[in-house]
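**Q** Provided herewith: work.txt, compact mmCIF, C-alpha atoms and all ligand atoms.
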# COMPACT_ATOMS: atom_id res chain seq x y z
CA MET A 1 -66.72 -14.10 6.99
CA GLY A 2 -67.96 -13.75 3.44
CA THR A 3 -70.79 -15.89 2.11
CA MET A 4 -68.53 -17.53 -0.48
CA LEU A 5 -66.01 -18.51 2.20
CA LYS A 6 -68.76 -19.94 4.42
CA LEU A 7 -70.16 -21.96 1.52
CA THR A 8 -66.69 -23.20 0.62
CA LEU A 9 -66.01 -24.28 4.22
CA LEU A 10 -69.40 -25.99 4.42
CA GLY A 11 -68.74 -27.81 1.15
CA VAL A 12 -65.31 -28.98 2.29
CA THR A 13 -66.70 -30.17 5.66
CA LEU A 14 -69.61 -32.02 4.04
CA GLY A 15 -67.25 -33.55 1.48
CA PHE A 16 -64.91 -34.75 4.22
CA LEU A 17 -67.76 -36.21 6.30
CA GLY A 18 -69.28 -37.89 3.25
CA GLU A 19 -65.96 -39.49 2.35
CA ARG A 20 -65.46 -40.68 5.97
CA ILE A 21 -68.98 -42.13 6.09
CA TYR A 22 -68.39 -43.95 2.81
CA GLN A 23 -65.05 -45.34 4.06
CA PHE A 24 -66.60 -46.35 7.40
CA CYS A 25 -69.41 -48.21 5.62
CA HIS A 26 -66.92 -49.93 3.30
CA LYS A 27 -64.62 -50.96 6.17
CA THR A 28 -67.44 -52.34 8.33
CA GLY A 29 -69.15 -54.13 5.42
CA PHE A 30 -72.32 -52.12 5.99
CA PHE A 31 -73.78 -52.79 2.54
CA LYS A 32 -72.26 -56.21 2.05
CA GLU A 33 -74.37 -59.06 0.69
CA VAL A 34 -73.14 -62.56 1.49
CA GLU A 35 -73.92 -65.99 0.17
CA LEU A 36 -74.69 -68.39 3.01
CA ILE A 37 -72.64 -71.59 3.32
CA ASP A 38 -73.84 -74.35 5.58
CA LEU A 39 -72.00 -77.27 7.12
CA PRO A 40 -74.05 -80.46 7.54
CA ASN A 41 -72.89 -81.79 10.90
CA CYS A 42 -72.93 -78.96 13.44
CA GLN A 43 -74.24 -78.65 16.98
CA LEU A 44 -74.32 -75.71 19.36
CA VAL A 45 -72.09 -76.19 22.41
CA LYS A 46 -74.34 -76.56 25.41
CA GLY A 47 -73.20 -74.38 28.31
CA ILE A 48 -71.67 -71.60 26.20
CA GLU A 49 -74.34 -68.95 25.84
CA TYR A 50 -72.56 -65.65 26.50
CA GLY A 51 -69.60 -65.57 24.14
CA SER A 52 -66.52 -67.54 23.16
CA GLU A 53 -64.44 -64.67 21.82
CA ASP A 54 -61.14 -66.51 21.64
CA ILE A 55 -60.21 -70.19 21.62
CA HIS A 56 -56.75 -71.64 22.10
CA LEU A 57 -56.16 -75.30 21.28
CA LEU A 58 -53.54 -77.43 23.06
CA PRO A 59 -51.73 -80.23 21.17
CA ASN A 60 -53.74 -82.89 23.05
CA GLY A 61 -57.12 -81.54 21.85
CA LEU A 62 -58.03 -79.61 25.00
CA ALA A 63 -59.05 -76.03 24.29
CA PHE A 64 -59.42 -72.88 26.39
CA ILE A 65 -62.38 -70.64 25.60
CA SER A 66 -62.76 -67.06 26.87
CA SER A 67 -66.43 -66.37 27.54
CA GLY A 68 -68.51 -63.44 28.77
CA LEU A 69 -66.55 -60.50 27.32
CA LYS A 70 -68.16 -57.22 28.31
CA HIS A 71 -67.60 -53.77 26.91
CA PRO A 72 -69.75 -50.60 26.93
CA ALA A 73 -69.88 -50.72 23.11
CA LEU A 74 -70.79 -54.41 22.86
CA LYS A 75 -73.93 -56.44 23.33
CA SER A 76 -74.00 -58.77 26.34
CA PHE A 77 -76.67 -61.41 26.89
CA ALA A 78 -75.67 -61.67 30.58
CA PRO A 79 -74.38 -58.29 31.76
CA ASN A 80 -74.31 -59.30 35.43
CA LYS A 81 -72.76 -62.73 35.03
CA PRO A 82 -68.99 -62.88 35.68
CA ALA A 83 -66.93 -63.94 32.71
CA GLU A 84 -65.17 -67.30 32.64
CA ILE A 85 -62.50 -69.40 30.98
CA PHE A 86 -63.93 -72.75 29.86
CA LEU A 87 -62.06 -75.92 29.05
CA VAL A 88 -63.36 -78.31 26.36
CA ASP A 89 -61.97 -81.54 24.96
CA LEU A 90 -62.13 -81.74 21.15
CA ASN A 91 -61.41 -85.48 21.28
CA ASN A 92 -65.10 -85.85 22.20
CA ASP A 93 -67.98 -85.80 19.72
CA VAL A 94 -70.09 -83.76 22.12
CA LEU A 95 -68.45 -80.95 24.09
CA HIS A 96 -69.01 -80.47 27.82
CA PRO A 97 -67.44 -77.12 28.75
CA LYS A 98 -65.91 -76.98 32.25
CA PRO A 99 -65.36 -73.57 33.84
CA LEU A 100 -61.82 -73.26 35.17
CA GLN A 101 -61.43 -72.06 38.73
CA LEU A 102 -59.21 -69.00 39.14
CA SER A 103 -56.81 -68.71 42.08
CA LYS A 104 -58.00 -66.42 44.87
CA ASP A 105 -55.54 -63.58 44.22
CA ILE A 106 -57.37 -62.49 41.07
CA ASP A 107 -60.78 -60.86 41.38
CA ALA A 108 -63.18 -63.18 39.51
CA SER A 109 -66.03 -60.65 39.67
CA SER A 110 -64.13 -58.00 37.65
CA PHE A 111 -62.36 -60.50 35.38
CA ASN A 112 -63.18 -59.71 31.73
CA PRO A 113 -61.19 -61.99 29.39
CA HIS A 114 -60.66 -61.18 25.71
CA GLY A 115 -57.79 -62.67 23.60
CA LEU A 116 -55.96 -65.81 24.73
CA SER A 117 -52.64 -67.47 24.03
CA VAL A 118 -50.58 -70.31 25.46
CA TYR A 119 -46.89 -70.89 26.01
CA ILE A 120 -45.77 -74.45 26.74
CA ASP A 121 -42.42 -74.93 28.46
CA GLU A 122 -40.83 -77.73 26.44
CA ARG A 123 -38.59 -78.77 29.34
CA ASP A 124 -41.38 -79.81 31.72
CA GLY A 125 -44.62 -79.40 29.74
CA THR A 126 -45.90 -76.55 31.94
CA VAL A 127 -48.80 -74.77 30.24
CA TYR A 128 -48.91 -70.98 30.73
CA LEU A 129 -52.20 -69.36 29.73
CA PHE A 130 -52.00 -65.69 28.75
CA VAL A 131 -55.26 -63.74 28.91
CA VAL A 132 -56.04 -60.20 27.78
CA ASN A 133 -58.12 -58.79 30.63
CA HIS A 134 -60.24 -55.62 30.69
CA PRO A 135 -61.19 -55.45 34.39
CA ILE A 136 -64.66 -54.07 35.07
CA PRO A 137 -65.59 -51.24 35.51
CA GLU A 138 -62.52 -49.49 34.03
CA TYR A 139 -62.27 -51.70 30.90
CA ASN A 140 -58.57 -50.87 30.64
CA SER A 141 -56.07 -53.48 29.42
CA CYS A 142 -53.71 -55.82 31.20
CA ILE A 143 -52.28 -59.25 30.51
CA GLU A 144 -52.81 -62.00 33.08
CA ILE A 145 -50.46 -64.99 33.10
CA PHE A 146 -51.72 -68.23 34.66
CA LYS A 147 -50.25 -71.67 35.16
CA PHE A 148 -52.74 -74.35 34.07
CA ASP A 149 -53.37 -77.30 36.38
CA GLU A 150 -55.13 -79.86 34.15
CA LYS A 151 -55.98 -82.34 36.94
CA GLN A 152 -57.58 -79.76 39.20
CA LYS A 153 -59.10 -77.73 36.31
CA TYR A 154 -57.43 -74.75 37.94
CA LEU A 155 -55.66 -71.57 36.81
CA LEU A 156 -52.97 -70.39 39.21
CA HIS A 157 -52.46 -66.66 38.70
CA LEU A 158 -48.77 -65.77 38.33
CA LYS A 159 -48.58 -62.21 37.10
CA THR A 160 -50.45 -59.13 35.87
CA ILE A 161 -48.69 -57.07 33.20
CA LYS A 162 -49.56 -53.45 32.42
CA HIS A 163 -47.63 -51.07 30.21
CA PRO A 164 -48.37 -47.72 28.49
CA LEU A 165 -47.79 -49.36 25.09
CA LEU A 166 -50.46 -51.97 25.93
CA GLN A 167 -53.30 -49.45 26.08
CA SER A 168 -56.11 -51.25 24.23
CA VAL A 169 -55.07 -54.84 23.70
CA ASN A 170 -57.21 -57.20 21.65
CA ASP A 171 -55.10 -60.35 21.34
CA ILE A 172 -51.66 -61.70 22.15
CA VAL A 173 -49.34 -64.49 21.14
CA ALA A 174 -47.07 -65.83 23.86
CA VAL A 175 -43.47 -66.54 22.84
CA GLY A 176 -41.96 -67.20 26.29
CA PRO A 177 -43.09 -67.65 29.91
CA GLU A 178 -43.28 -63.85 30.32
CA SER A 179 -43.00 -62.50 26.77
CA PHE A 180 -45.49 -61.99 23.98
CA TYR A 181 -46.57 -59.95 20.97
CA ALA A 182 -49.82 -58.00 21.36
CA THR A 183 -52.19 -56.14 19.04
CA ASN A 184 -53.82 -52.87 20.04
CA ASP A 185 -57.24 -52.33 18.50
CA TYR A 186 -57.49 -48.62 19.36
CA TYR A 187 -55.04 -45.80 20.01
CA PHE A 188 -57.34 -44.17 22.54
CA GLU A 189 -58.42 -45.70 25.85
CA SER A 190 -61.71 -43.86 26.40
CA VAL A 191 -64.81 -45.29 24.70
CA PRO A 192 -66.03 -41.98 23.12
CA MET A 193 -62.59 -41.36 21.60
CA LYS A 194 -62.50 -44.95 20.32
CA ILE A 195 -65.75 -44.30 18.45
CA VAL A 196 -64.29 -41.10 16.93
CA GLU A 197 -61.07 -42.95 16.02
CA GLY A 198 -63.02 -45.74 14.31
CA PHE A 199 -65.22 -43.31 12.40
CA LEU A 200 -62.29 -41.21 11.19
CA GLY A 201 -60.43 -44.35 10.13
CA LEU A 202 -57.15 -43.36 11.79
CA LYS A 203 -54.27 -45.78 11.26
CA TRP A 204 -52.85 -45.26 14.73
CA THR A 205 -52.81 -48.76 16.22
CA ASN A 206 -49.98 -51.19 16.25
CA LEU A 207 -48.32 -54.45 17.17
CA VAL A 208 -46.17 -54.44 20.32
CA TYR A 209 -43.52 -56.82 21.66
CA TYR A 210 -43.30 -57.26 25.41
CA SER A 211 -40.69 -58.93 27.57
CA PRO A 212 -39.76 -57.91 31.14
CA ARG A 213 -36.63 -56.10 29.89
CA ASN A 214 -37.72 -54.92 26.45
CA VAL A 215 -41.01 -53.41 25.31
CA ARG A 216 -41.28 -51.91 21.85
CA GLU A 217 -43.61 -51.18 18.96
CA VAL A 218 -42.83 -53.58 16.12
CA ALA A 219 -45.48 -52.66 13.52
CA PRO A 220 -47.23 -49.25 13.48
CA GLY A 221 -49.89 -47.92 11.14
CA LEU A 222 -52.82 -50.34 11.58
CA TYR A 223 -56.47 -49.26 11.48
CA SER A 224 -57.29 -51.74 14.23
CA GLY A 225 -55.10 -54.66 15.28
CA ASN A 226 -56.88 -57.87 16.23
CA GLY A 227 -56.01 -61.59 16.09
CA ILE A 228 -52.36 -62.61 16.28
CA VAL A 229 -50.67 -66.03 16.09
CA ILE A 230 -47.27 -67.54 15.31
CA SER A 231 -46.46 -70.07 12.57
CA ASN A 232 -45.78 -73.69 13.54
CA ASP A 233 -42.05 -73.26 12.83
CA LYS A 234 -42.06 -70.05 14.97
CA LYS A 235 -40.60 -68.04 12.07
CA PHE A 236 -43.61 -65.87 11.23
CA ILE A 237 -46.14 -63.80 13.13
CA TYR A 238 -49.54 -63.47 11.48
CA ALA A 239 -51.67 -60.53 12.58
CA VAL A 240 -55.01 -59.03 11.61
CA ASP A 241 -55.84 -55.46 10.68
CA ILE A 242 -59.60 -55.93 10.94
CA MET A 243 -60.66 -52.71 9.19
CA ALA A 244 -58.17 -53.27 6.36
CA HIS A 245 -59.78 -56.72 5.85
CA ALA A 246 -56.28 -58.15 5.98
CA ILE A 247 -54.26 -60.92 7.58
CA ASN A 248 -50.67 -59.81 7.08
CA ALA A 249 -50.91 -58.59 3.49
CA VAL A 250 -53.60 -61.06 2.38
CA ASP A 251 -56.94 -59.44 1.52
CA VAL A 252 -59.77 -61.64 2.84
CA ASP A 253 -62.66 -59.35 1.82
CA THR A 254 -64.24 -59.45 5.30
CA CYS A 255 -63.40 -58.28 8.82
CA PRO A 256 -61.23 -61.07 10.27
CA ASP A 257 -61.10 -61.37 14.06
CA ASN A 258 -58.97 -63.96 15.88
CA LEU A 259 -56.63 -66.40 14.17
CA PHE A 260 -55.76 -70.07 14.47
CA VAL A 261 -52.90 -71.95 12.81
CA ASP A 262 -53.63 -75.59 11.97
CA PRO A 263 -50.81 -77.46 13.75
CA VAL A 264 -50.74 -80.14 11.00
CA THR A 265 -51.15 -78.18 7.74
CA GLY A 266 -50.12 -74.65 8.79
CA ASP A 267 -53.35 -73.29 7.26
CA ILE A 268 -54.69 -70.16 8.91
CA TRP A 269 -58.30 -70.01 10.06
CA THR A 270 -60.30 -67.06 11.24
CA GLY A 271 -63.75 -66.28 12.52
CA ALA A 272 -64.79 -63.12 10.69
CA HIS A 273 -67.48 -60.43 10.57
CA PRO A 274 -68.86 -59.86 7.05
CA ASN A 275 -70.73 -56.89 8.53
CA ALA A 276 -68.88 -55.55 11.59
CA TYR A 277 -71.40 -52.71 11.87
CA LYS A 278 -73.99 -55.23 13.11
CA VAL A 279 -71.61 -56.38 15.86
CA PHE A 280 -71.31 -52.87 17.30
CA PHE A 281 -74.89 -51.73 16.65
CA TYR A 282 -76.74 -54.87 17.70
CA LYS A 283 -80.35 -55.45 16.68
CA ASP A 284 -82.32 -58.57 17.68
CA GLU A 285 -84.22 -58.52 14.40
CA ASP A 286 -81.09 -58.12 12.25
CA PRO A 287 -78.25 -59.85 14.13
CA PRO A 288 -74.56 -60.01 13.18
CA LEU A 289 -73.49 -62.68 10.72
CA SER A 290 -70.83 -65.34 11.12
CA GLU A 291 -68.17 -66.40 8.66
CA VAL A 292 -65.30 -68.89 8.82
CA ILE A 293 -62.35 -68.44 6.46
CA ARG A 294 -59.40 -70.71 5.75
CA ILE A 295 -56.19 -69.46 4.12
CA GLN A 296 -53.83 -71.95 2.51
CA LYS A 297 -50.35 -71.22 1.15
CA ILE A 298 -50.13 -67.80 2.77
CA HIS A 299 -46.46 -67.48 1.84
CA SER A 300 -47.01 -68.21 -1.85
CA ASP A 301 -47.74 -65.60 -4.52
CA HIS A 302 -51.33 -66.82 -4.64
CA PRO A 303 -52.72 -67.67 -1.19
CA ILE A 304 -56.00 -69.62 -1.36
CA VAL A 305 -58.81 -68.00 0.62
CA THR A 306 -61.81 -70.29 1.16
CA ARG A 307 -65.12 -69.45 2.80
CA VAL A 308 -65.94 -72.56 4.82
CA TYR A 309 -69.07 -71.44 6.64
CA VAL A 310 -71.32 -68.38 6.42
CA ASN A 311 -74.42 -67.93 8.57
CA ASN A 312 -76.85 -65.00 8.71
CA GLY A 313 -77.04 -65.04 12.53
CA SER A 314 -79.87 -67.57 12.69
CA VAL A 315 -77.47 -70.16 14.19
CA ILE A 316 -74.53 -68.17 15.56
CA GLN A 317 -73.89 -64.45 15.65
CA GLY A 318 -70.63 -62.53 15.42
CA SER A 319 -68.06 -65.30 14.86
CA SER A 320 -64.65 -64.29 16.16
CA VAL A 321 -62.53 -67.45 15.97
CA ALA A 322 -62.38 -70.90 14.37
CA ALA A 323 -60.12 -73.79 15.36
CA VAL A 324 -59.75 -77.27 13.89
CA TYR A 325 -58.67 -80.56 15.44
CA LYS A 326 -58.87 -83.96 13.70
CA LYS A 327 -61.59 -82.95 11.20
CA LYS A 328 -63.59 -81.11 13.85
CA LEU A 329 -64.21 -77.39 13.72
CA ILE A 330 -65.17 -75.19 16.66
CA ILE A 331 -66.45 -71.68 15.98
CA GLY A 332 -66.46 -69.05 18.73
CA THR A 333 -68.33 -65.74 18.88
CA VAL A 334 -67.82 -62.35 20.52
CA PHE A 335 -70.90 -62.50 22.78
CA HIS A 336 -73.13 -65.30 21.47
CA LYS A 337 -72.81 -69.11 21.43
CA ALA A 338 -70.26 -71.57 20.04
CA LEU A 339 -70.74 -74.10 17.24
CA TYR A 340 -69.03 -77.49 16.90
CA CYS A 341 -68.95 -79.10 13.44
CA GLN A 342 -67.65 -82.28 11.90
CA LEU A 343 -65.72 -81.56 8.68
CA ASP A 344 -66.15 -84.14 5.87
CA CA Z 1 -55.55 -65.46 20.49
CA CA Z 2 -60.37 -60.40 18.74
How does this structure look as structure tokens?
Ligand SMILES: [Ca+2]
Ligand SMILES: [Ca+2]
**A**
Amino acid sequence: MGTMLKLTLLGVTLGFLGERIYQFCHKTGFFKEVELIDLPNCQLVKGIEYGSEDIHLLPNGLAFISSGLKHPALKSFAPNKPAEIFLVDLNNDVLHPKPLQLSKDIDASSFNPHGLSVYIDERDGTVYLFVVNHPIPEYNSCIEIFKFDEKQKYLLHLKTIKHPLLQSVNDIVAVGPESFYATNDYYFESVPMKIVEGFLGLKWTNLVYYSPRNVREVAPGLYSGNGIVISNDKKFIYAVDIMAHAINAVDVDTCPDNLFVDPVTGDIWTGAHPNAYKVFFYKDEDPPLSEVIRIQKIHSDHPIVTRVYVNNGSVIQGSSVAAVYKKKLIIGTVFHKALYCQLD
């Protein structure tokens, strides 16, 4: 091979890598500076120390919290502690999380909950809790469906769902007792290939619909699908492409994680990562930040995006969800604590 050709190939390769590194830094917010925003009346939730990745609120103010998510690429403050689903009551001024007991037919020691959703049967009020599970040690993806027993603080396991189109699920939104929409955050299942996929910025992930008789891709071409919810009137699905900094088509100028729809106003809330790089490459001395965003009028020509809370990691690290109930705000995190604030 001639010297000129070698130099040309080297130049093209370096140019490609440089462009990918720049794009990766931009997408993860590597160089991003943020202005901190405090809320005056906040308290950490005692008893939640190892994550609160997703939170799902019931109409009566009870909320499910998935806690203890583990993944080879993520920090864990308690690698040997089994993960749990907690129940809290947002009618109270101080939260006392109660771990929910799982029925015996699901292995609690390998249980590794991620995104959550709920379907309520309007005929009899039965609450079905859907949980994205990445059982340890494989860290593959399945969806567990439970029936919630509020009196006994118990989750009766009904079904495990696996499907080739559900290869790397991040979150789900239940739309029936056995049907849901799911986001995949990676195309590949193996961790090394996920890292390559993220670095190259491939738009190979998607949104999938599942029912027992019909499974199909409904939205392809995402960098990395994440939070997903349904509007109060059930007409719209809102979903996150975290590396596009977008909720549906709305640019939020940060990496949004899970979503919450205010049942009263229809506003959309998210816990976001201003610098997602710090979530994946954790350093004690420079921890991930937390950011809570509210979007109003998402269907108008000019949605209003408001930063409600921004913390540099000194209080909570790696916020992944925010939910509101009667002027109270609860903020969950991927692997850190949870914060409970009084609004106004
Ligand atoms: Ca969810
Ligand atoms: Ca998520």
**Q** When distances are computed from all atoms listed in the file, which of A:Leu129, A:Ala239, A:Val324, A:Ala108 shows the smallest separation from Gly266 of chain A?
**A**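 With all atoms listed in the file as the atom set, the closest residue is A:Val324.
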**Q** Distance table requested - chain A against ligand CA 2 (chain Z), cut-off 10 Å, all atoms listed in the file: one row per qualifying residue with the closest atom pair and its distance in Å to one decimal, ordered by chain and rising residue number, as CSV.
**A**
residue,atom,partner,partner_atom,distance
A:Glu53,CA,Z:CA2,CA,6.7
A:Asp54,CA,Z:CA2,CA,6.8
A:His114,CA,Z:CA2,CA,7.0
A:Gly115,CA,Z:CA2,CA,6.0
A:Leu116,CA,Z:CA2,CA,9.2
A:Val169,CA,Z:CA2,CA,9.1
A:Asn170,CA,Z:CA2,CA,5.4
A:Asp171,CA,Z:CA2,CA,5.9
A:Ile172,CA,Z:CA2,CA,9.4
A:Thr183,CA,Z:CA2,CA,9.2
A:Asp185,CA,Z:CA2,CA,8.7
A:Gly225,CA,Z:CA2,CA,8.5
A:Asn226,CA,Z:CA2,CA,5.0
A:Gly227,CA,Z:CA2,CA,5.2
A:Ile228,CA,Z:CA2,CA,8.7
A:Val240,CA,Z:CA2,CA,9.0
A:Ile242,CA,Z:CA2,CA,9.0
A:Pro256,CA,Z:CA2,CA,8.5
A:Asp257,CA,Z:CA2,CA,4.8
A:Asn258,CA,Z:CA2,CA,4.8
A:Leu259,CA,Z:CA2,CA,8.4
A:Gly271,CA,Z:CA2,CA,9.2
A:Ala272,CA,Z:CA2,CA,9.6
A:Ser319,CA,Z:CA2,CA,9.9
A:Ser320,CA,Z:CA2,CA,6.3
A:Val321,CA,Z:CA2,CA,7.9
A:Thr333,CA,Z:CA2,CA,9.6
A:Val334,CA,Z:CA2,CA,7.9
**Q** Have a look at A:Lys326, A:Lys27, A:Arg307, A:His56 and name the one nearest to ligand CA 1 (chain Z); count all atoms listed in the file.
**A**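 Among the listed residues, the smallest separation from ligand CA 1 (chain Z) belongs to A:His56.
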**Q** Please provide the set of residues having any atom within 8 Å of Thr254 of chain A, restricted to all atoms listed in the file, with same-chain residues fewer than 3 positions apart removed, written as a PyMOL selection string.
**A** chain A and resi 29+245+272-275
**Q** Excluding Phe188 of chain A and any residue of its chain fewer than 2 positions from it, enumerate the residues within 8 Å of it, using only C-alpha atoms, and give them as a PyMOL selection string.
**A** chain A and resi 167-168+186+190-191+193-194+197
**Q** In Å, with one decimal, what is the gap from atom CA of Gly332 of chain A to atom CA of Ile65 of chain A?
**A**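 These atoms are spaced 8.1 Å apart.
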**Q** What is the distance, in Å and to one decimal place, between atom CA of Leu100 of chain A and atom CA of Leu62 of chain A?
**A**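 Atom-to-atom, atom CA of Leu100 of chain A to atom CA of Leu62 of chain A, that is 12.6 Å.
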**Q** Check the smallest atom-to-atom distance from each of A:Leu58, A:Asn112, A:Val131, A:Glu178 to Glu150 of chain A using all atoms listed in the file, then report the winner.
**A** A:Leu58
**Q** What gap, in Å, lies between atom CA of Glu122 of chain A and atom CA of Leu57 of chain A?
**A** 16.4 Å
**Q** Counting all atoms listed in the file, which of A:Ile106, A:Ile55, A:Lys297, A:Asn232 gets nearest to ligand CA 1 (chain Z)?
**A**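 Going through A:Ile106, A:Ile55, A:Lys297, A:Asn232 one by one, the smallest distance to ligand CA 1 (chain Z) is for A:Ile55.
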**Q** If we count all atoms listed in the file and set the cut-off at 12 Å, which residues sit around His71 of chain A, ignoring sequence neighbours fewer than 3 positions away in its own chain? Please answer as a list of chain:residue names.
**A** A:Gly68, A:Leu74, A:Lys75, A:Ser76, A:Phe77, A:Ala78, A:Pro79, A:Ala83, A:Asn112, A:Pro113, A:His114, A:Asn133, A:His134, A:Pro135, A:Ile136, A:Pro137, A:Glu138, A:Tyr139, A:Asn140, A:Ser141, A:Ser190, A:Val191, A:Phe280, A:Val334, A:Phe335
**Q** Just write the chosen residues, C-alpha atoms, as a PDB file, in the frame of the given file.
**A**
ATOM      1  CA  GLY A  68     -68.510 -63.440  28.770  1.00  0.00           C
ATOM      2  CA  LEU A  74     -70.790 -54.410  22.860  1.00  0.00           C
ATOM      3  CA  LYS A  75     -73.930 -56.440  23.330  1.00  0.00           C
ATOM      4  CA  SER A  76     -74.000 -58.770  26.340  1.00  0.00           C
ATOM      5  CA  PHE A  77     -76.670 -61.410  26.890  1.00  0.00           C
ATOM      6  CA  ALA A  78     -75.670 -61.670  30.580  1.00  0.00           C
ATOM      7  CA  PRO A  79     -74.380 -58.290  31.760  1.00  0.00           C
ATOM      8  CA  ALA A  83     -66.930 -63.940  32.710  1.00  0.00           C
ATOM      9  CA  ASN A 112     -63.180 -59.710  31.730  1.00  0.00           C
ATOM     10  CA  PRO A 113     -61.190 -61.990  29.390  1.00  0.00           C
ATOM     11  CA  HIS A 114     -60.660 -61.180  25.710  1.00  0.00           C
ATOM     12  CA  ASN A 133     -58.120 -58.790  30.630  1.00  0.00           C
ATOM     13  CA  HIS A 134     -60.240 -55.620  30.690  1.00  0.00           C
ATOM     14  CA  PRO A 135     -61.190 -55.450  34.390  1.00  0.00           C
ATOM     15  CA  ILE A 136     -64.660 -54.070  35.070  1.00  0.00           C
ATOM     16  CA  PRO A 137     -65.590 -51.240  35.510  1.00  0.00           C
ATOM     17  CA  GLU A 138     -62.520 -49.490  34.030  1.00  0.00           C
ATOM     18  CA  TYR A 139     -62.270 -51.700  30.900  1.00  0.00           C
ATOM     19  CA  ASN A 140     -58.570 -50.870  30.640  1.00  0.00           C
ATOM     20  CA  SER A 141     -56.070 -53.480  29.420  1.00  0.00           C
ATOM     21  CA  SER A 190     -61.710 -43.860  26.400  1.00  0.00           C
ATOM     22  CA  VAL A 191     -64.810 -45.290  24.700  1.00  0.00           C
ATOM     23  CA  PHE A 280     -71.310 -52.870  17.300  1.00  0.00           C
ATOM     24  CA  VAL A 334     -67.820 -62.350  20.520  1.00  0.00           C
ATOM     25  CA  PHE A 335     -70.900 -62.500  22.780  1.00  0.00           C
TER      26      PHE A 335
END
**Q** Which one is closest to ligand CA 1 (chain Z): A:Cys255, A:Ile293, A:Val12, A:Val173? Count only C-alpha atoms and all ligand atoms.
**A**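 Under the stated criterion, the closest residue is A:Val173.
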**Q** I'd like the neighbourhood of Lys283 of chain A as a count of residues only, where a residue qualifies if any of its atoms comes within 12 Å (using all atoms listed in the file), though same-chain residues fewer than 4 positions away should be ignored.
**A** 10
**Q** Could you check the closest approach to Pro303 of chain A for each of A:Pro263, A:Asn214, A:Ile247, A:Val45 and tell me which residue wins, using only C-alpha atoms?
**A**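 Closest residue, counting only C-alpha atoms: A:Ile247.
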